[in-house]
Amino acid sequence: MPLIRNGGWAHDEYTALTDQAPLAEGPVLVSLTRFHSERELLLARNQPLGVRLSSAQSPEDIGPGLHHLSLVALEFPTFRDGRGFSWARLLRARLGFLGEIRAVGHFLIDQLAFMERCGINAFDGDARITPEALAAARVEFRNVYQPAVDSRPTIGRLRAKAHPVDWKP
Amino acid sequence: MYRYDEFDARLVSERVEQFARQIERRLKGELSEDEFKPLRLMNGLYLQLHAYMLRVAIPYGTLSSRQLRMLAHVARRYDKGYGHFTTRQNIQYHWPRLIDVPDILRELASVQMHALQTSGNCIRNVTADQFAGAVADEIEDPRILAEIVRQWSSLHPEFSFLPRKFKIAVSGTPEDRAAVRFHDIGIEIIRSASGDTGYRIFVGGGMGRTPYLGLCIADFVARDDVLAYLEAILRVYNMEGRRDNIFKARIKILVNALGLEEMRARVRREFEEIRKEGSLNLPEHEHARIATYFAPPNFETLPDTCLEFETACARDGDFAAFSRHNLSRHRASGYAIVTISLKPTGGVPGDCSADQMDGLAQLMDAFGLAEIRVSHEQNLVLPHVRKKDLPALHDRLKALGLASPNSGLASDIICCPGLDYCDLANARSIPIAQELSRRFSDLARQEEIGELKIKMSGCINACGHHHAGHIGILGVDKKGVEFYQLQLGGSGAEDAAIAEIMGPAFAKDEIVDAVERVIAAYLNLRQPGERFLDCYRRLGLEPFKNVAYLEQLHAAY
Amino acid sequence: MADLIEIITANRLRDGAVVYWKQGGWTVTLADADQFTDRETCVAALTLAQERVAAGEVVNPYRFEARRDNAIAIPVKERELIRASGPSVHPELGKQADPATAPKFHVAAPAKPPRPKQADGPEAFDVSL
């Protein structure tokens with residue numbers, strides 16, 4: 001599958017495992033169920049490990065093992081299911097997850113900028129999801145109103161800077 | 001009123017160009033209709049029975065004369081010469097072409113207007129009291145918070161793909177003209193015992209298939225915490241709201257399933273976390289900056305008794321009637337709030353022609369009126385009129401066909417477009433409203449009946465607020481034929497209540513008679529000074545039900 | 001006695017106009033639409049019509065029932081009567097306003113006579129079945 005990571009095409013080194021498949025060599029991506037049932041074994045391999053969450057699963061359900069993961073994949077079963085945006089924010093802002101957050105499934109280029117703002121930094125979507133589309137999505141809006149997990153200054157901040165006289169912190 | 005700075009203006013323009021590209025991709029086949037639909041809805045564009053429909057936001061219901069002229073221009077150039085004001089402080093154009101929509105939106109953006117998030121599963125246009133800044137007992141102008149919420153909710157990265165639509169309304173007075181308890185979030189601005197201004201938050205109100213009154217989830221949220229608190233509610237909803245069944249996807253269903261206590265606990269937890277992050281704390285200077293835009297005009301010092309006004313009342317019966325019903329008390333002496341009814345006898349409730357819009361804009365300029373408002377009751381409001389200008393203003397309204405003296409009376413009917421336009425509708429609503437308004441056109445009769453809110457929807461989505469009507473009418477479809485359910489006892493005001501369904505639906509040619517019989521029963525049964533709603537509350541459904549089905553009873557025997 | 005037929009309809013993508021299937025293409029006039037007398041042919045035509053969605057011609061094609069009265073198709077449901085005509089409250093707008101697109105069924109006698117008090121003004125559209 002084509003993968004975009006940090007803005008460009010990337011090789012996906014993870015083997016996606018079903019719950020029944022034997023453990024493969026190298027980095028693997030498993031369901032939350034498999035992660036919980038084989039937690040010790042998976043962590044002891046000392047290989048990059050990813051957990052795939054359905055859109056109904058909160059990253060808080062991963063539990064204390066989260067910081068041993070290098071990847072959390074968030075499923076978007078349809079682009080209308082917006083739970084992944086909240087899960088990504090929770091991962092970054094609340095749970096302090098620093099690894100890769102990957103959107104997988106069905107989403108639109110019109111959602112990429114929102115996804116990045118919420119902390120998603122890898123995309124595994126359909127053929128329309130390309131680095132060029134991502135680059136274009138990033139500049140569609142120069143400014144944003146809301147703080148999110150990216151470091152973009154909000155319009156409120158920029159206003160305060162542009163009109164320092166009014167700025168009384 | 002609020003004026004865009006360079007940041008607001010740029011964002012709206014960028015949004016227009018983004019949507020123009022999305023339309024282009026759709027026309028080229030790069031987006032399927034399934035993918036395009038939510039994107040166009042978030043830009044206010046529906047596909048209705050006869051054509052597309054563009055829903056343009058009138059944020060917190062406030063317009064300048066320049067903006068009103070633009071609405072007239074759009075109606076004339078891109079539509080069929082009229083617009084329809086809705087129950088959520090929007091205007092709808094019923095005939096735009098998809099290929100013209102980018103140009104329409106560019107023209108609107110040139111006067112700081114937009115159609116952002118007027119539909120779709122996102123946070124919708126925030127509504128507020130149409131009397132904001134003009135009434136005496138206001139704690140704070142609700143438009144300040146509404147504008148703050150507008151900015152926070154516009155293109156929100158986390159909450160643009162919610163389980164379902166999300167509506168927020170703000171009221172700044174104990175009297176509720178914004179129907180706050182019928183919104184997903186209703187905000188009442190209050191003052192604490194220690195004198196601080198803050199917000200009482202209701203959650204989970206709504207109409208539709210399963211109507212609920214919002215429940216108080218927070219008694220007092222401090223001013224600088226409000227966005228964090230709203231974000232917390234939205235996050236709980238986005239994470240937990242049902243997505244498996246469109247009819248159970250609104251936050252009201254979640255609140256009801258979890259129970260208020262559990263909902264409150266979950267929101268509280270998110271709120272504490274968000275507050276810890278700190279970035280959503282609303283700085284006092286930002287509140288103050290936005291508040292300056294809504295500062296009231298400099299009112300002249302005028303005596304409250306005004307000779308010109310009194311003389312006109314004595315001389316001109318039409319003016320006297322208009323004054324009795326369409327004026328509300330203003331906070332400044334010598335001023336009045338004028339409600340312009342968009343409910344002429346036999347007219348389409350909420351419709352306004354391009355010529356009328358232009359005429360109103362001229363009138364605003366002639367009388368030095370900076371603002372006109374749109375109410376959820378589908379009327380327009382001039383918030384700050386000098387009493388001495390009223391006779392001349394009334395003359396001009398009359399010439400425009402906008403002087404119906406029926407505000408708050410039986411013919412001031414809220415009504416959705418219904419099956420005459422709407423793809424979702426099951427039955428027509430406008431013809432019923434027209435027939436009702438003709439039946440009750442006699443002003444003396446309406447005055448005898450007194451305050452009466454008739455609200456009518458053409459389907460269970462309840463755009464016409466039938467659940468909140470003293471008398472509510474709901475159009476239903478029985479094998480392709482229109483029928484109408486009668487409901488009584490609802491209220492969208494501070495005494496909010498959900499109307500009770502009376503029984504089997506009436507045929508199209510029976511419903512108006514049934515309403516008339518219900519009203520006749522009220523006139524017989526009421527105590528002196530008792531409103532219809534209070535009479536219903538005292539007596540219940542039974543006496544009204546008995547007369548409403550009279551004809552069917554006779555037919556049965 | 002009128003026979004029941006089926007008609008295929010959609011809205012045109014670029015302007016939203018109501019269109020009807022006619023010999024492999026679309027017409028804006030109900031009177032010109034193909035009238036299907038058997039379900040199978042209609043479903044086959046609908047499959048063809050649905051291919052026009054991807055081509056960007058129309059949105060949401062579907063079929064609906066009509067009565068055929070002297071070769072004139074009169075939709076059974078209120079919704080399709082209104083789509084074929086325009087808003088009943090604005091006789092001056094929509095297909096009904098233009099003789100070229102106006103439906104031909106307004107002459108059809110309603111099943112029950114309209115009540116006198118509804119006979120004035122825009123109510124004249126009343127096509128109660």
# chains A, B, ... in the order shown; residues from 1 in each chain; ligands from 1

$ residues_around --residues "region 97-105 of chain B" --least-positions-apart "3" --cutoff "7 Å" --atoms "only C-alpha atoms" --output "PyMOL selection string"
(chain B and resi 16+20+52+74+108-109+114) or (chain C and resi 14-16)

$ select_by_dssp --residues "region 41-167 of chain A" --states "helix (DSSP H, G or I)" --output "ChimeraX atom specification"
/A:41-44,59-68,83-94,109-117,131-138,155-162,164-166

$ write_last_selection --atoms "C-alpha atoms" --output "PDB file, in the first residue's frame"
ATOM      1  CA  LEU A  41       5.446 -11.422  23.938  1.00  0.00           C
ATOM      2  CA  LEU A  42       5.031  -8.503  21.517  1.00  0.00           C
ATOM      3  CA  LEU A  43       6.913  -6.063  23.698  1.00  0.00           C
ATOM      4  CA  ALA A  44       9.715  -8.499  24.429  1.00  0.00           C
ATOM      5  CA  PRO A  59      -6.238   5.084  22.513  1.00  0.00           C
ATOM      6  CA  GLU A  60      -6.740   5.199  26.264  1.00  0.00           C
ATOM      7  CA  ASP A  61      -7.671   1.513  25.951  1.00  0.00           C
ATOM      8  CA  ILE A  62      -4.106   0.718  24.901  1.00  0.00           C
ATOM      9  CA  GLY A  63      -3.045   1.190  28.494  1.00  0.00           C
ATOM     10  CA  PRO A  64       0.453   1.494  29.932  1.00  0.00           C
ATOM     11  CA  GLY A  65       2.079  -0.214  26.927  1.00  0.00           C
ATOM     12  CA  LEU A  66       1.481   2.839  24.745  1.00  0.00           C
ATOM     13  CA  HIS A  67       4.946   4.254  25.154  1.00  0.00           C
ATOM     14  CA  HIS A  68       6.528   1.075  23.888  1.00  0.00           C
ATOM     15  CA  ARG A  83     -13.706   9.910  15.785  1.00  0.00           C
ATOM     16  CA  GLY A  84     -10.128   9.510  14.596  1.00  0.00           C
ATOM     17  CA  PHE A  85      -9.617  13.254  14.882  1.00  0.00           C
ATOM     18  CA  SER A  86     -10.321  13.091  18.615  1.00  0.00           C
ATOM     19  CA  TRP A  87      -8.271   9.916  19.102  1.00  0.00           C
ATOM     20  CA  ALA A  88      -5.274  11.557  17.456  1.00  0.00           C
ATOM     21  CA  ARG A  89      -5.546  14.610  19.657  1.00  0.00           C
ATOM     22  CA  LEU A  90      -5.844  12.469  22.768  1.00  0.00           C
ATOM     23  CA  LEU A  91      -2.768  10.527  21.733  1.00  0.00           C
ATOM     24  CA  ARG A  92      -0.653  13.594  21.221  1.00  0.00           C
ATOM     25  CA  ALA A  93      -1.936  16.092  23.753  1.00  0.00           C
ATOM     26  CA  ARG A  94      -3.077  13.934  26.623  1.00  0.00           C
ATOM     27  CA  ILE A 109      -7.818  15.086   0.662  1.00  0.00           C
ATOM     28  CA  ASP A 110     -10.131  17.709   2.109  1.00  0.00           C
ATOM     29  CA  GLN A 111      -9.511  16.186   5.539  1.00  0.00           C
ATOM     30  CA  LEU A 112      -5.726  15.975   5.451  1.00  0.00           C
ATOM     31  CA  ALA A 113      -5.081  19.397   6.934  1.00  0.00           C
ATOM     32  CA  PHE A 114      -7.468  18.699   9.813  1.00  0.00           C
ATOM     33  CA  MET A 115      -5.788  15.334  10.380  1.00  0.00           C
ATOM     34  CA  GLU A 116      -2.356  16.904  10.570  1.00  0.00           C
ATOM     35  CA  ARG A 117      -3.610  19.538  12.959  1.00  0.00           C
ATOM     36  CA  PRO A 131       2.234  13.999  -1.193  1.00  0.00           C
ATOM     37  CA  GLU A 132       1.196  16.657  -3.731  1.00  0.00           C
ATOM     38  CA  ALA A 133      -2.380  16.597  -2.449  1.00  0.00           C
ATOM     39  CA  LEU A 134      -1.094  16.876   1.103  1.00  0.00           C
ATOM     40  CA  ALA A 135       1.174  19.778   0.229  1.00  0.00           C
ATOM     41  CA  ALA A 136      -1.761  21.567  -1.440  1.00  0.00           C
ATOM     42  CA  ALA A 137      -4.035  20.884   1.522  1.00  0.00           C
ATOM     43  CA  ARG A 138      -1.509  22.389   3.907  1.00  0.00           C
ATOM     44  CA  ILE A 155      -5.527  33.839  14.700  1.00  0.00           C
ATOM     45  CA  GLY A 156      -6.010  35.081  18.262  1.00  0.00           C
ATOM     46  CA  ARG A 157      -2.234  34.974  18.800  1.00  0.00           C
ATOM     47  CA  LEU A 158      -1.513  36.621  15.469  1.00  0.00           C
ATOM     48  CA  ARG A 159      -3.966  39.383  16.250  1.00  0.00           C
ATOM     49  CA  ALA A 160      -2.278  40.026  19.535  1.00  0.00           C
ATOM     50  CA  LYS A 161       1.027  40.269  17.707  1.00  0.00           C
ATOM     51  CA  ALA A 162      -0.348  42.431  14.898  1.00  0.00           C
ATOM     52  CA  PRO A 164       0.335  44.803  20.315  1.00  0.00           C
ATOM     53  CA  VAL A 165      -1.318  47.851  21.872  1.00  0.00           C
ATOM     54  CA  ASP A 166      -4.380  45.748  22.670  1.00  0.00           C
TER      55      ASP A 166
END

$ select_by_dssp --residues "region 63-105 of chain A" --states "strand (DSSP E)" --output "list in words"
Leu71, Val72, Ala73, Leu74, Glu75, Phe76, Glu100, Ile101, Arg102, Ala103, Val104 and Gly105 of chain A

$ atom_distance --atom1 "CA of Asp244 (chain B)" --atom2 "CA of Leu474 (chain B)"
26.5 Å

$ residues_around --residues "region 18-25 of chain C" --least-positions-apart "5" --cutoff "7 Å" --atoms "only C-alpha atoms" --output "ChimeraX atom specification"
/B:50 /C:8-12,30,33-34,83

$ atom_distance --atom1 "CA of Phe532 (chain B)" --atom2 "CA of Ala444 (chain B)"
16.4 Å

$ residues_around --residues "Pro27 (chain A)" --least-positions-apart "4" --cutoff "12 Å" --atoms "only C-alpha atoms" --output "PyMOL selection string"
chain A and resi 12-17+23+42-43+45-51+69-71

$ residues_around --residues "Lys104 (chain C)" --least-positions-apart "5" --cutoff "9 Å" --atoms "only C-alpha atoms" --output "ChimeraX atom specification"
/C:30-31,72-74

$ write_last_selection --atoms "N, CA and C atoms" --output "PDB file, in the first residue's frame"
ATOM      1  N   LEU C  30     -41.757  16.492 -17.984  1.00  0.00           N
ATOM      2  CA  LEU C  30     -42.341  15.190 -17.650  1.00  0.00           C
ATOM      3  C   LEU C  30     -43.120  14.613 -18.826  1.00  0.00           C
ATOM      4  N   ALA C  31     -43.803  15.486 -19.548  1.00  0.00           N
ATOM      5  CA  ALA C  31     -44.632  15.007 -20.657  1.00  0.00           C
ATOM      6  C   ALA C  31     -43.819  14.279 -21.722  1.00  0.00           C
ATOM      7  N   ILE C  72     -51.039  10.896 -20.840  1.00  0.00           N
ATOM      8  CA  ILE C  72     -50.389  11.871 -19.951  1.00  0.00           C
ATOM      9  C   ILE C  72     -50.047  11.185 -18.634  1.00  0.00           C
ATOM     10  N   ALA C  73     -48.787  11.328 -18.228  1.00  0.00           N
ATOM     11  CA  ALA C  73     -48.350  10.721 -16.964  1.00  0.00           C
ATOM     12  C   ALA C  73     -48.650  11.663 -15.814  1.00  0.00           C
ATOM     13  N   ILE C  74     -49.389  11.147 -14.835  1.00  0.00           N
ATOM     14  CA  ILE C  74     -49.704  11.945 -13.646  1.00  0.00           C
ATOM     15  C   ILE C  74     -49.106  11.229 -12.441  1.00  0.00           C
TER      16      ILE C  74
END

$ atom_distance --atom1 "CA of Glu107 (chain B)" --atom2 "CA of Ile58 (chain B)"
14.7 Å

$ interface_residues --of "chain B" --to "chain C" --cutoff "10 Å" --atoms "only C-alpha atoms" --output "VMD selection string"
chain B and resid 23 26 to 34 46 to 53 80 95 to 101 346 to 348 417 to 423 425 to 428 430 to 431 434 to 435 439 477 to 482 508 to 509

$ interface_residues --of "chain B" --to "chain A" --cutoff "9 Å" --atoms "only C-alpha atoms" --output "VMD selection string"
chain B and resid 5 7 to 8 10 to 11 14 to 15 17 to 18 22 30 35 38 to 39 121 151 to 163 235 238 to 240 243 273 to 274 277 279 to 280 283 to 286 289

$ residues_around --residues "Leu363 (chain B)" --least-positions-apart "4" --cutoff "12 Å" --atoms "only C-alpha atoms" --output "ChimeraX atom specification"
/B:64-66,68-69,356-359,367-372,382,385,389-390,392-400,402

$ write_last_selection --atoms "C-alpha atoms" --output "short mmCIF file (atom, residue, chain, number, x, y, z; two decimals), in the first residue's frame"
data_model
loop_
_atom_site.label_atom_id
_atom_site.label_comp_id
_atom_site.auth_asym_id
_atom_site.auth_seq_id
_atom_site.Cartn_x
_atom_site.Cartn_y
_atom_site.Cartn_z
CA SER B 64 -25.97 45.85 7.93
CA SER B 65 -27.82 47.66 5.14
CA ARG B 66 -24.88 46.89 2.85
CA LEU B 68 -28.95 43.29 3.10
CA ARG B 69 -28.41 44.91 -0.31
CA GLN B 356 -38.29 44.46 -0.14
CA MET B 357 -34.71 43.82 0.97
CA ASP B 358 -33.48 46.80 -1.01
CA GLY B 359 -36.31 48.91 0.31
CA PHE B 367 -33.22 56.54 9.43
CA GLY B 368 -29.58 56.05 10.37
CA LEU B 369 -30.14 52.45 11.44
CA ALA B 370 -26.90 50.49 11.35
CA GLU B 371 -28.39 47.05 11.91
CA ILE B 372 -31.30 44.84 11.07
CA LEU B 382 -34.92 46.96 13.71
CA VAL B 385 -35.53 53.07 16.39
CA ASP B 389 -39.29 58.19 13.69
CA LEU B 390 -41.85 55.42 14.01
CA ALA B 392 -42.58 57.77 9.07
CA LEU B 393 -40.90 54.39 9.31
CA HIS B 394 -44.26 52.67 9.47
CA ASP B 395 -45.37 54.48 6.31
CA ARG B 396 -42.35 53.18 4.46
CA LEU B 397 -42.83 49.65 5.76
CA LYS B 398 -46.42 49.83 4.60
CA ALA B 399 -45.31 50.85 1.12
CA LEU B 400 -42.99 47.84 1.09
CA LEU B 402 -43.93 44.88 5.44
#

$ residues_around --residues "Gln35 (chain C)" --least-positions-apart "3" --cutoff "9 Å" --atoms "only C-alpha atoms" --output "number ranges by chain"
C: 5-8, 22, 32, 42, 66, 68, 73

$ write_last_selection --atoms "C-alpha atoms" --output "PDB file, in the first residue's frame"
ATOM      1  CA  ILE C   5     -46.579   3.273 -15.304  1.00  0.00           C
ATOM      2  CA  GLU C   6     -43.119   4.176 -14.083  1.00  0.00           C
ATOM      3  CA  ILE C   7     -40.880   7.120 -14.879  1.00  0.00           C
ATOM      4  CA  ILE C   8     -37.190   7.646 -14.145  1.00  0.00           C
ATOM      5  CA  LYS C  22     -35.919   9.942 -22.279  1.00  0.00           C
ATOM      6  CA  ASP C  32     -41.671  13.958 -22.816  1.00  0.00           C
ATOM      7  CA  CYS C  42     -37.611   0.268 -16.210  1.00  0.00           C
ATOM      8  CA  ALA C  66     -47.534   7.551 -12.292  1.00  0.00           C
ATOM      9  CA  ARG C  68     -51.369   7.240 -17.372  1.00  0.00           C
ATOM     10  CA  ALA C  73     -48.350  10.721 -16.964  1.00  0.00           C
TER      11      ALA C  73
END
